[in-house]
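Below is entry.tsv, holding TSV, C-alpha atoms.
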```tsv
chain	number	residue	atom	x	y	z
A	1	MET	CA	141.69	148.26	94.96
A	2	ALA	CA	140.94	150.26	91.81
A	3	PHE	CA	141.45	153.49	93.73
A	4	VAL	CA	144.68	152.26	95.35
A	5	LEU	CA	146.03	151.34	91.91
A	6	ARG	CA	145.31	154.86	90.70
A	7	VAL	CA	146.97	156.46	93.72
A	8	LEU	CA	150.08	154.37	93.09
A	9	LEU	CA	150.20	155.77	89.56
A	10	PHE	CA	149.76	159.41	90.62
A	11	SER	CA	153.54	159.77	90.94
A	12	PHE	CA	154.10	158.90	87.27
A	13	GLN	CA	154.84	161.89	85.09
A	14	GLY	CA	151.80	163.30	83.34
A	15	TYR	CA	152.02	166.18	80.91
A	16	GLN	CA	153.74	168.78	83.05
A	17	ASN	CA	152.35	171.77	81.17
A	18	ASP	CA	148.79	170.54	81.76
A	19	LEU	CA	149.42	169.73	85.40
A	20	ASP	CA	151.07	173.10	86.05
A	21	THR	CA	148.05	174.78	84.47
A	22	PHE	CA	145.62	172.79	86.61
A	23	VAL	CA	147.62	173.60	89.75
A	24	SER	CA	147.48	177.29	88.87
A	25	TRP	CA	143.71	177.10	88.35
A	26	PHE	CA	143.22	175.22	91.63
A	27	ASN	CA	145.33	177.79	93.47
A	28	THR	CA	143.55	180.77	91.91
A	29	ALA	CA	140.12	179.32	92.65
A	30	ALA	CA	141.13	178.60	96.26
A	31	ASN	CA	142.40	182.15	96.74
A	32	TYR	CA	139.70	184.11	94.92
A	33	GLY	CA	136.66	181.84	94.82
A	34	PRO	CA	134.37	181.19	91.84
A	35	ARG	CA	132.98	184.72	91.47
A	36	VAL	CA	136.06	186.44	90.07
A	37	PHE	CA	137.95	183.32	89.00
A	38	TYR	CA	138.00	184.07	85.25
A	39	SER	CA	139.20	187.63	85.68
A	40	ALA	CA	141.75	186.65	88.34
A	41	VAL	CA	143.24	183.69	86.49
A	42	GLY	CA	143.95	185.59	83.27
A	43	TRP	CA	143.37	182.59	80.99
A	44	CYS	CA	141.23	179.48	81.41
A	45	ASP	CA	139.56	177.57	78.58
A	46	TYR	CA	137.57	175.26	80.88
A	47	PRO	CA	133.80	175.95	81.20
A	48	PRO	CA	132.21	177.19	84.46
A	49	PHE	CA	131.30	173.96	86.26
A	50	ASN	CA	135.00	173.09	86.49
A	51	VAL	CA	135.58	176.23	88.53
A	52	TYR	CA	133.67	174.69	91.43
A	53	LEU	CA	135.88	171.61	91.24
A	54	PHE	CA	138.97	173.83	91.14
A	55	TRP	CA	137.63	175.78	94.12
A	56	GLY	CA	136.67	172.78	96.25
A	57	PHE	CA	139.74	170.66	95.66
A	58	GLY	CA	142.03	173.68	95.50
A	59	SER	CA	140.79	174.71	98.95
A	60	LEU	CA	141.50	171.17	100.15
A	61	ALA	CA	145.04	171.34	98.76
A	62	GLN	CA	145.51	174.72	100.40
A	63	MET	CA	144.25	173.43	103.75
A	64	LEU	CA	146.67	170.49	103.54
A	65	GLY	CA	149.55	172.78	102.57
A	66	LEU	CA	150.18	170.97	99.28
A	67	PHE	CA	150.77	173.96	97.02
A	68	GLY	CA	154.47	174.26	96.31
A	69	THR	CA	155.01	170.53	96.88
A	70	PRO	CA	155.03	167.65	94.36
A	71	PHE	CA	151.94	166.21	96.07
A	72	VAL	CA	149.65	168.93	94.78
A	73	THR	CA	149.43	167.02	91.50
A	74	TYR	CA	147.93	164.13	93.49
A	75	ILE	CA	144.91	166.34	94.21
A	76	VAL	CA	144.63	167.22	90.52
A	77	LYS	CA	144.71	163.56	89.48
A	78	PHE	CA	142.38	162.55	92.29
A	79	VAL	CA	139.47	164.51	90.76
A	80	PRO	CA	139.09	162.56	87.48
A	81	SER	CA	140.04	159.31	89.24
A	82	PHE	CA	137.18	159.85	91.69
A	83	PHE	CA	134.75	160.41	88.82
A	84	ASP	CA	136.07	157.25	87.16
A	85	LEU	CA	134.96	155.35	90.24
A	86	LEU	CA	131.54	157.04	90.11
A	87	ILE	CA	131.15	155.95	86.47
A	88	ALA	CA	132.07	152.40	87.47
A	89	GLY	CA	129.43	152.50	90.18
A	90	LEU	CA	126.83	153.79	87.74
A	91	ILE	CA	127.64	150.98	85.31
A	92	TYR	CA	127.31	148.43	88.12
A	93	PHE	CA	123.90	149.66	89.30
A	94	PHE	CA	122.55	149.96	85.75
A	95	VAL	CA	123.54	146.40	84.84
A	96	GLN	CA	122.65	144.93	88.24
A	97	LYS	CA	118.99	145.93	87.81
A	98	ARG	CA	118.85	143.84	84.63
A	99	LEU	CA	121.36	141.01	85.00
A	100	SER	CA	123.11	139.01	87.69
A	101	PHE	CA	125.37	140.39	90.40
A	102	LYS	CA	128.43	138.70	88.86
A	103	LEU	CA	127.84	140.14	85.39
A	104	SER	CA	127.22	143.64	86.76
A	105	LEU	CA	130.40	143.36	88.82
A	106	LEU	CA	132.39	142.27	85.76
A	107	ALA	CA	131.01	145.13	83.67
A	108	MET	CA	132.19	147.52	86.37
A	109	VAL	CA	135.59	145.83	86.54
A	110	PHE	CA	136.11	146.08	82.79
A	111	TYR	CA	135.61	149.82	83.07
A	112	VAL	CA	137.42	150.66	86.28
A	113	PHE	CA	140.47	148.49	85.48
A	114	ASN	CA	140.63	149.44	81.82
A	115	PRO	CA	144.27	150.54	81.24
A	116	ALA	CA	143.23	153.38	78.93
A	117	VAL	CA	140.80	154.77	81.51
A	118	ILE	CA	143.38	154.53	84.27
A	119	PHE	CA	146.11	156.12	82.16
A	120	ASN	CA	143.98	159.10	81.12
A	121	ALA	CA	143.25	160.16	84.70
A	122	ALA	CA	145.87	158.66	87.01
A	123	VAL	CA	148.89	159.28	84.77
A	124	TRP	CA	148.03	162.15	82.43
A	125	GLY	CA	145.61	163.79	84.88
A	126	GLN	CA	142.87	164.72	82.42
A	127	PHE	CA	139.29	165.52	83.47
A	128	ASP	CA	137.33	163.61	80.80
A	129	ALA	CA	135.65	161.35	83.34
A	130	VAL	CA	133.79	164.32	84.83
A	131	TYR	CA	131.64	165.22	81.85
A	132	THR	CA	131.36	161.56	80.83
A	133	LEU	CA	129.60	160.77	84.12
A	134	PHE	CA	127.02	163.52	83.61
A	135	LEU	CA	126.38	162.44	80.03
A	136	LEU	CA	125.78	158.83	81.08
A	137	VAL	CA	123.41	159.99	83.81
A	138	SER	CA	121.63	162.21	81.29
A	139	LEU	CA	121.21	159.31	78.86
A	140	ILE	CA	119.88	156.97	81.55
A	141	PHE	CA	117.42	159.59	82.83
A	142	ALA	CA	116.19	160.16	79.26
A	143	LEU	CA	115.61	156.42	78.83
A	144	LYS	CA	113.78	156.24	82.16
A	145	GLY	CA	111.31	158.93	81.03
A	146	LYS	CA	112.70	161.67	83.31
A	147	PRO	CA	113.51	164.31	80.69
A	148	GLU	CA	113.95	167.29	83.00
A	149	PHE	CA	116.52	165.43	85.10
A	150	SER	CA	118.21	164.37	81.88
A	151	ALA	CA	118.40	168.00	80.75
A	152	VAL	CA	119.84	169.12	84.08
A	153	SER	CA	122.56	166.47	83.96
A	154	PHE	CA	123.34	167.25	80.33
A	155	ALA	CA	123.65	170.94	81.18
A	156	VAL	CA	126.24	170.15	83.84
A	157	GLY	CA	128.05	167.92	81.35
A	158	ILE	CA	128.33	170.59	78.69
A	159	LEU	CA	129.30	173.15	81.34
A	160	THR	CA	132.22	170.83	82.09
A	161	LYS	CA	133.44	170.05	78.57
A	162	PRO	CA	132.13	171.40	75.25
A	163	GLN	CA	132.60	168.04	73.51
A	164	ALA	CA	129.52	166.88	75.44
A	165	ILE	CA	127.65	168.35	72.48
A	166	ALA	CA	128.28	165.03	70.69
A	167	LEU	CA	125.40	163.45	72.62
A	168	LEU	CA	122.95	166.35	72.22
A	169	PRO	CA	121.16	164.99	69.11
A	170	LEU	CA	120.44	161.67	70.85
A	171	ILE	CA	119.26	163.22	74.13
A	172	VAL	CA	116.87	165.58	72.31
A	173	PHE	CA	115.58	162.73	70.14
A	174	ILE	CA	114.90	160.39	73.08
A	175	ILE	CA	113.16	163.08	75.13
A	176	PHE	CA	110.92	164.03	72.21
A	177	LYS	CA	110.20	160.43	71.21
A	178	LYS	CA	109.35	159.23	74.71
A	179	ASN	CA	107.70	162.34	76.15
A	180	GLY	CA	106.53	164.58	73.33
A	181	PHE	CA	107.06	168.23	72.44
A	182	LYS	CA	105.69	169.69	75.69
A	183	ARG	CA	108.12	167.81	77.91
A	184	LEU	CA	110.93	168.67	75.51
A	185	MET	CA	110.14	172.35	76.07
A	186	PHE	CA	110.15	171.83	79.85
A	187	SER	CA	113.49	170.06	79.47
A	188	ILE	CA	114.92	173.02	77.58
A	189	ILE	CA	113.73	175.27	80.41
A	190	ALA	CA	115.38	172.93	82.96
A	191	PHE	CA	118.58	173.04	80.91
A	192	THR	CA	118.52	176.85	80.78
A	193	VAL	CA	117.79	177.21	84.50
A	194	THR	CA	120.67	174.86	85.31
A	195	VAL	CA	123.09	176.86	83.17
A	196	PHE	CA	122.06	180.08	84.91
A	197	ALA	CA	122.26	178.44	88.34
A	198	VAL	CA	125.86	177.38	87.67
A	199	ILE	CA	127.06	180.72	86.30
A	200	LEU	CA	124.96	182.99	88.57
A	201	PRO	CA	127.61	183.26	91.35
A	202	MET	CA	130.20	184.29	88.76
A	203	GLN	CA	130.99	187.79	87.60
A	204	TRP	CA	129.57	188.66	84.17
A	205	SER	CA	127.57	191.40	82.51
A	206	ASN	CA	126.03	189.31	79.72
A	207	PRO	CA	125.58	185.54	80.15
A	208	VAL	CA	125.63	184.89	76.40
A	209	THR	CA	128.91	186.67	75.72
A	210	PHE	CA	130.37	185.30	78.98
A	211	LEU	CA	129.81	181.71	77.84
A	212	ALA	CA	130.60	182.42	74.17
A	213	ASP	CA	134.00	183.88	75.07
A	214	ILE	CA	134.88	180.77	77.08
A	215	TYR	CA	133.67	178.21	74.54
A	216	PHE	CA	134.46	179.81	71.20
A	217	GLY	CA	137.58	181.59	72.39
A	218	ALA	CA	139.14	178.27	73.36
A	219	TYR	CA	137.87	176.45	70.28
A	220	SER	CA	139.18	179.05	67.83
A	221	GLY	CA	142.63	178.67	69.36
A	222	TYR	CA	142.94	175.17	67.90
A	223	ALA	CA	142.22	175.81	64.22
A	224	PHE	CA	144.03	172.70	63.00
A	225	THR	CA	143.02	169.44	61.35
A	226	SER	CA	143.98	167.24	64.29
A	227	ILE	CA	145.31	168.10	67.74
A	228	ASN	CA	147.22	164.84	68.22
A	229	ALA	CA	144.11	162.72	67.54
A	230	PHE	CA	144.82	159.57	65.55
A	231	ASN	CA	141.60	159.95	63.58
A	232	THR	CA	140.55	160.46	59.95
A	233	TRP	CA	142.21	163.87	59.70
A	234	GLY	CA	145.30	162.70	61.58
A	235	LEU	CA	146.00	160.22	58.80
A	236	PHE	CA	146.52	163.13	56.40
A	237	GLY	CA	148.54	165.28	58.76
A	238	MET	CA	148.23	166.94	62.15
A	239	TRP	CA	148.52	170.58	63.08
A	240	LEU	CA	147.58	171.71	59.57
A	241	SER	CA	145.37	174.79	59.26
A	242	ASP	CA	141.85	173.43	58.85
A	243	GLY	CA	140.35	176.39	56.89
A	244	TYR	CA	137.18	175.23	55.13
A	245	LEU	CA	137.82	171.68	56.34
A	246	PHE	CA	136.41	172.88	59.65
A	247	ILE	CA	132.99	173.33	58.01
A	248	LEU	CA	133.30	170.04	56.14
A	249	GLY	CA	134.04	168.19	59.36
A	250	TRP	CA	130.96	169.52	61.09
A	251	ILE	CA	128.81	168.80	58.05
A	252	MET	CA	129.99	165.18	58.10
A	253	PHE	CA	129.21	164.90	61.81
A	254	ALA	CA	125.77	166.43	61.28
A	255	VAL	CA	125.00	164.05	58.40
A	256	PHE	CA	126.12	161.06	60.46
A	257	SER	CA	124.01	162.24	63.42
A	258	VAL	CA	120.96	162.46	61.16
A	259	PHE	CA	121.69	158.96	59.87
A	260	THR	CA	121.92	157.48	63.37
A	261	LEU	CA	118.69	159.15	64.48
A	262	TYR	CA	116.95	158.02	61.29
A	263	VAL	CA	117.99	154.44	62.06
A	264	LEU	CA	116.79	154.82	65.64
A	265	ASN	CA	113.48	156.28	64.55
A	266	LYS	CA	112.87	153.48	62.02
A	267	ARG	CA	113.71	150.80	64.58
A	268	TRP	CA	111.92	152.45	67.53
A	269	GLY	CA	109.81	149.83	69.25
A	270	LYS	CA	111.36	147.04	67.17
A	271	SER	CA	114.93	146.98	68.46
A	272	ASP	CA	116.11	146.75	72.07
A	273	GLN	CA	117.40	149.70	74.09
A	274	LEU	CA	120.89	148.38	73.34
A	275	LEU	CA	120.58	150.09	69.96
A	276	ILE	CA	120.25	153.43	71.75
A	277	PHE	CA	123.46	152.82	73.68
A	278	PHE	CA	125.23	151.77	70.50
A	279	VAL	CA	124.06	154.99	68.83
A	280	ALA	CA	125.49	156.91	71.81
A	281	PHE	CA	128.79	155.09	71.31
A	282	MET	CA	128.81	155.84	67.59
A	283	LEU	CA	128.04	159.53	68.14
A	284	PHE	CA	131.00	159.79	70.52
A	285	PHE	CA	133.09	157.86	68.00
A	286	ALA	CA	131.95	160.08	65.11
A	287	PHE	CA	132.77	163.19	67.11
A	288	PHE	CA	136.32	161.89	67.43
A	289	MET	CA	136.64	160.80	63.78
A	290	LEU	CA	134.88	163.46	61.67
A	291	PRO	CA	135.28	167.08	62.87
A	292	THR	CA	138.63	168.88	62.83
A	293	ARG	CA	140.27	170.38	65.96
A	294	ILE	CA	139.93	167.11	67.88
A	295	HIS	CA	142.27	166.20	70.72
A	296	GLU	CA	143.58	162.72	71.45
A	297	ARG	CA	141.40	162.32	74.55
A	298	TYR	CA	138.01	162.85	72.89
A	299	LEU	CA	137.56	159.11	72.38
A	300	PHE	CA	137.37	158.61	76.14
A	301	PRO	CA	133.54	158.48	76.62
A	302	THR	CA	133.18	155.55	74.22
A	303	ILE	CA	134.75	153.17	76.74
A	304	SER	CA	132.13	153.83	79.42
A	305	VAL	CA	129.23	153.16	77.02
A	306	LEU	CA	130.86	150.01	75.68
A	307	SER	CA	131.59	148.77	79.22
A	308	LEU	CA	127.94	149.22	80.11
A	309	MET	CA	126.88	147.18	77.05
A	310	LEU	CA	129.41	144.36	77.48
A	311	PRO	CA	127.26	141.94	79.50
A	312	PHE	CA	124.25	142.32	77.20
A	313	THR	CA	125.62	141.54	73.75
A	314	LYS	CA	128.74	140.05	72.20
A	315	LYS	CA	128.49	142.55	69.32
A	316	VAL	CA	130.38	145.20	71.30
A	317	TRP	CA	133.21	143.05	72.67
A	318	LEU	CA	135.37	143.65	69.62
A	319	PHE	CA	134.69	147.39	69.81
A	320	TYR	CA	135.58	147.47	73.50
A	321	SER	CA	138.89	145.65	72.96
A	322	VAL	CA	140.01	147.55	69.86
A	323	ILE	CA	138.90	151.02	70.95
A	324	SER	CA	140.51	150.56	74.36
A	325	ALA	CA	143.76	149.62	72.61
A	326	THR	CA	143.69	152.47	70.07
A	327	PHE	CA	142.78	155.06	72.71
A	328	LEU	CA	145.51	153.90	75.10
A	329	THR	CA	148.07	153.89	72.28
A	330	ASN	CA	147.00	157.37	71.19
A	331	VAL	CA	147.22	159.03	74.62
A	332	ALA	CA	150.34	157.13	75.73
A	333	TYR	CA	152.23	157.81	72.50
A	334	VAL	CA	151.29	161.49	72.52
A	335	LEU	CA	152.21	161.89	76.20
A	336	TYR	CA	155.58	160.24	75.59
A	337	TRP	CA	156.44	162.75	72.85
A	338	LEU	CA	155.03	165.73	74.73
A	339	ASN	CA	157.16	164.96	77.76
A	340	LEU	CA	160.18	164.27	75.55
A	341	TYR	CA	159.91	167.74	74.04
A	342	THR	CA	159.15	169.39	77.39
A	343	ASN	CA	162.07	167.73	79.16
A	344	ALA	CA	164.37	168.71	76.29
A	345	GLY	CA	163.40	172.36	76.80
A	346	TYR	CA	161.54	172.91	73.52
A	347	SER	CA	158.98	175.71	73.58
A	348	TYR	CA	156.71	173.85	71.15
A	349	GLY	CA	155.19	170.38	70.96
A	350	PRO	CA	155.83	167.53	68.54
A	351	ASN	CA	154.12	167.04	65.18
A	352	LEU	CA	153.52	163.30	64.88
A	353	SER	CA	152.24	163.41	61.29
A	354	GLY	CA	153.30	160.34	59.31
A	355	HIS	CA	154.49	158.28	62.29
A	356	ILE	CA	153.79	154.60	61.68
A	357	ILE	CA	151.94	154.36	65.02
A	358	VAL	CA	149.67	157.20	63.94
A	359	ILE	CA	148.94	155.50	60.61
A	360	VAL	CA	148.25	152.06	62.10
A	361	VAL	CA	146.03	153.37	64.89
A	362	GLY	CA	144.27	155.83	62.57
A	363	VAL	CA	143.48	153.16	59.98
A	364	THR	CA	142.26	150.82	62.73
A	365	ASN	CA	139.91	153.52	64.02
A	366	VAL	CA	138.59	154.14	60.50
A	367	ILE	CA	137.93	150.42	60.01
A	368	MET	CA	136.08	150.16	63.33
A	369	PHE	CA	134.04	153.28	62.56
A	370	LEU	CA	133.02	151.87	59.18
A	371	TYR	CA	132.16	148.54	60.80
A	372	GLY	CA	129.98	150.28	63.38
A	373	SER	CA	128.26	152.23	60.60
A	374	LEU	CA	127.65	148.97	58.74
A	375	LEU	CA	125.95	147.49	61.80
A	376	LEU	CA	123.67	150.54	61.95
A	377	TRP	CA	122.90	150.06	58.25
A	378	SER	CA	121.96	146.44	58.97
A	379	GLU	CA	119.57	147.68	61.67
A	380	LEU	CA	118.05	150.10	59.19
A	381	LYS	CA	117.44	147.24	56.77
A	382	GLY	CA	115.41	145.40	59.39
A	383	LYS	CA	117.97	143.12	60.96
A	384	THR	CA	117.91	143.29	64.76
A	385	VAL	CA	121.64	143.44	65.40
A	386	PHE	CA	121.54	144.66	68.98
A	387	LYS	CA	119.42	142.38	71.10
A	388	PRO	CA	120.03	140.95	74.57
A	389	GLU	CA	121.79	137.60	74.56
A	390	GLN	CA	121.88	134.97	77.28
A	391	ILE	CA	125.54	135.40	78.20
A	392	THR	CA	126.98	133.23	80.96
A	393	ILE	CA	129.76	134.38	83.21
A	394	HIS	CA	132.14	131.84	81.67
A	395	GLN	CA	131.33	132.96	78.10
A	396	TYR	CA	131.86	136.55	79.14
A	397	ILE	CA	135.34	135.92	80.52
A	398	ALA	CA	136.44	133.45	77.83
A	399	GLU	CA	135.34	135.55	74.85
A	400	LYS	CA	136.72	138.76	76.39
A	401	GLU	CA	140.09	137.03	76.73
A	402	SER	CA	139.93	135.92	73.09
A	403	CYS	CA	139.30	139.53	72.01
A	404	THR	CA	142.24	140.84	73.99
```
Could you express the structure from this file as structure tokens?
Amino acid sequence: MAFVLRVLLFSFQGYQNDLDTFVSWFNTAANYGPRVFYSAVGWCDYPPFNVYLFWGFGSLAQMLGLFGTPFVTYIVKFVPSFFDLLIAGLIYFFVQKRLSFKLSLLAMVFYVFNPAVIFNAAVWGQFDAVYTLFLLVSLIFALKGKPEFSAVSFAVGILTKPQAIALLPLIVFIIFKKNGFKRLMFSIIAFTVTVFAVILPMQWSNPVTFLADIYFGAYSGYAFTSINAFNTWGLFGMWLSDGYLFILGWIMFAVFSVFTLYVLNKRWGKSDQLLIFFVAFMLFFAFFMLPTRIHERYLFPTISVLSLMLPFTKKVWLFYSVISATFLTNVAYVLYWLNLYTNAGYSYGPNLSGHIIVIVVGVTNVIMFLYGSLLLWSELKGKTVFKPEQITIHQYIAEKESCT
């Protein structure tokens, strides 16, 4: 049913510029294969693992004769929608091993039928679900004491989207804390081998410069305070040159990362694993709120982590409801204006600085971020905030409805 709902929404207009770009990448990958993709395509700011997705699903579209028809965008939107379903399945199996069948099913439902999740993939057609899946798998493997598998999954995640770096401090910390320095070194080797395995079939003379050109070339092209993200910087104006604010943003993220890991280290063995998942959520949230050059979609991974935590503790129900609403408003409002400008024939996009929607959503995100930070501070002071609660199915439904 969740998949059928997504298919029904595939016909809704996403951002045509993005979809046209994806179609071009799919077509190029299908015609030339992964080896020479980057030289053949001319421009692509997506990291190497995506090329295999472009190749596989582009070949499928070619075999079905979809290129040149409106239905080719269905293939593009199918990819992230499929990964959405995989994330939902992962959430179900993770919760089902710890709680009842009904609660695990509900946790899955609250992810897979989340309007913001559906909109991002089935309407806009963005690929954020792909790297999110690999990051969740990496986190779960790290918690299970399988650091090398965690490193492999994380490598695939960061080879899909560079914003996967948000979770790197936590993954490294968990691997070191649970397995020690030696296994951390083996994990780094597993990470490196995975990176080389992914890029080996591709054409390059130097792997370092090959990857650096893809990652930093794309990143330097967005040297602005906010790229339509209704975050801290968006409150003060979007599309402003970030200059030295770029450094300040990364310093703030680094300081916050150190704070979260300090809390985790102090509470290690005293607090439940739920604290680790909340730290993962807050790192994703901080990555959206603190650095410059952030796009509207970078809040996406928070919803999967919150959905996974929903059946365990009531503390995250407010976060799930509010963040889902702010994320959906952000992407839907931005897409509306992008399509308005595109359909009007403008060669540039809108600047939404100062819009009341931007201010309201931005302030709400700031409040929720501060509240989350306060909960971490409470943990640091010795209060066990995140602990499993005996939640009944009726409480779960009733209190979720009261939050929404």
Contacts of region 219-227 of chain A within 8 Å, all atoms listed in the file, excl. fewer than 3 positions in-chain, as a PyMOL selection string:
chain A and resi 215-216+230-231+233-234+237-243+245-246+292-296
Of the residues A:Pro311, A:Pro162, A:Gly249, A:Pro350, which is the one nearest to Val109 (chain A), using all atoms listed in the file?
A:Pro311
Separation of CA of Phe49 (chain A) and CA of Trp124 (chain A), in Å?
20.8 Å
Using all atoms listed in the file, pick whichever of A:Phe10, A:Phe186, A:Phe210, A:Tyr111 has the shortest atom-to-atom distance to Thr302 (chain A).
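Smallest separation from Thr302 (chain A) among the options: A:Tyr111.
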Pick out the residues sitting within 10 Å of Pro147 (chain A), and hand them over as a compact mmCIF listing (two decimals) with C-alpha atoms, in the coordinates of the input; count only C-alpha atoms, and ignore anything fewer than 6 positions along from it in its own chain.
```txt
# COMPACT_ATOMS: atom_id res chain seq x y z
CA SER A 138 121.63 162.21 81.29
CA LEU A 139 121.21 159.31 78.86
CA ILE A 140 119.88 156.97 81.55
CA PHE A 141 117.42 159.59 82.83
CA SER A 153 122.56 166.47 83.96
CA ILE A 171 119.26 163.22 74.13
CA VAL A 172 116.87 165.58 72.31
CA ILE A 174 114.90 160.39 73.08
CA ILE A 175 113.16 163.08 75.13
CA PHE A 176 110.92 164.03 72.21
CA LYS A 178 109.35 159.23 74.71
CA ASN A 179 107.70 162.34 76.15
CA ARG A 183 108.12 167.81 77.91
CA LEU A 184 110.93 168.67 75.51
CA MET A 185 110.14 172.35 76.07
CA PHE A 186 110.15 171.83 79.85
CA SER A 187 113.49 170.06 79.47
CA ILE A 188 114.92 173.02 77.58
CA ALA A 190 115.38 172.93 82.96
```
Point-to-point distance from CA of Tyr52 (chain A) to CA of Gly68 (chain A), Å rounded to tenths
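For CA of Tyr52 (chain A) relative to CA of Gly68 (chain A), the distance reads 21.4 Å.
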Counting all atoms listed in the file, the residue among A:Val258, A:Ala2, A:Val36, A:Ile165 that lies closest to Gln203 (chain A) is A:Val36
Restricting the calculation to all atoms listed in the file: of A:Leu306, A:Ala325, A:Val360, A:Leu275, which residue gets closest to Trp377 (chain A)?
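Among A:Leu306, A:Ala325, A:Val360, A:Leu275, it is A:Leu275 that comes nearest to Trp377 (chain A).
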Which is closer to Phe281 (chain A) than all the others in A:Val23, A:Ile251, A:Ala107, A:Met368, using all atoms listed in the file?
A:Met368
CA of Leu85 (chain A) and CA of Gly157 (chain A) are how many Å apart?
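Interatomic distance here is 16.9 Å.
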Calculated over all atoms listed in the file, which of the candidates A:Val72, A:Ala142, A:Ile199, A:Val193 has the smallest distance to Pro48 (chain A)?
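Answer, going by the shortest atom-to-atom distance: A:Ile199.
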Residues near Trp25 (chain A), anyone? I mean within 8 Å using all atoms listed in the file, not counting same-chain ones fewer than 5 positions away, as a list in words.
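The neighbour list is Val41, Cys44 and Phe54 of chain A.
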Just the residues within 8 Å of Leu338 (chain A), please, counting all atoms listed in the file, with nothing from its chain fewer than 3 positions along; format it as JSON, numbers by chain.
{"A": [15, 334, 335, 341, 342, 349, 350]}
Next, write the just-selected residues to a file, as a JSON list (two decimals), in the coordinates of the input, keeping C-alpha atoms as the atom set.
```json
[["chain", "number", "residue", "atom", "x", "y", "z"],
["A", 15, "TYR", "CA", 152.02, 166.18, 80.91],
["A", 334, "VAL", "CA", 151.29, 161.49, 72.52],
["A", 335, "LEU", "CA", 152.21, 161.89, 76.20],
["A", 341, "TYR", "CA", 159.91, 167.74, 74.04],
["A", 342, "THR", "CA", 159.15, 169.39, 77.39],
["A", 349, "GLY", "CA", 155.19, 170.38, 70.96],
["A", 350, "PRO", "CA", 155.83, 167.53, 68.54]]
```
Return the padded bounding box of region 249-268 of chain A as AutoDock Vina command-line options: axis-aligned, built from all atoms listed in the file, 3 Å added on each side, with centre and edge lengths in Å to one decimal.
```
--center_x 123.0 --center_y 160.2 --center_z 62.8 --size_x 28.1 --size_y 24.7 --size_z 15.5
```
Pick out the residues sitting within 12 Å of Asp213 (chain A), and hand them over as an mmCIF file with C-alpha atoms, keeping the file's coordinate frame; count only C-alpha atoms, and ignore anything fewer than 4 positions along from it in its own chain.
```cif
data_model
loop_
_atom_site.group_PDB
_atom_site.id
_atom_site.type_symbol
_atom_site.label_atom_id
_atom_site.label_comp_id
_atom_site.auth_asym_id
_atom_site.auth_seq_id
_atom_site.Cartn_x
_atom_site.Cartn_y
_atom_site.Cartn_z
ATOM 1 C CA TYR A 38 138.000 184.070 85.250
ATOM 2 C CA TRP A 43 143.370 182.590 80.990
ATOM 3 C CA CYS A 44 141.230 179.480 81.410
ATOM 4 C CA ASP A 45 139.560 177.570 78.580
ATOM 5 C CA TYR A 46 137.570 175.260 80.880
ATOM 6 C CA PRO A 47 133.800 175.950 81.200
ATOM 7 C CA PRO A 48 132.210 177.190 84.460
ATOM 8 C CA TRP A 204 129.570 188.660 84.170
ATOM 9 C CA ASN A 206 126.030 189.310 79.720
ATOM 10 C CA PRO A 207 125.580 185.540 80.150
ATOM 11 C CA VAL A 208 125.630 184.890 76.400
ATOM 12 C CA THR A 209 128.910 186.670 75.720
ATOM 13 C CA GLY A 217 137.580 181.590 72.390
ATOM 14 C CA ALA A 218 139.140 178.270 73.360
ATOM 15 C CA TYR A 219 137.870 176.450 70.280
ATOM 16 C CA SER A 220 139.180 179.050 67.830
ATOM 17 C CA GLY A 221 142.630 178.670 69.360
#
```
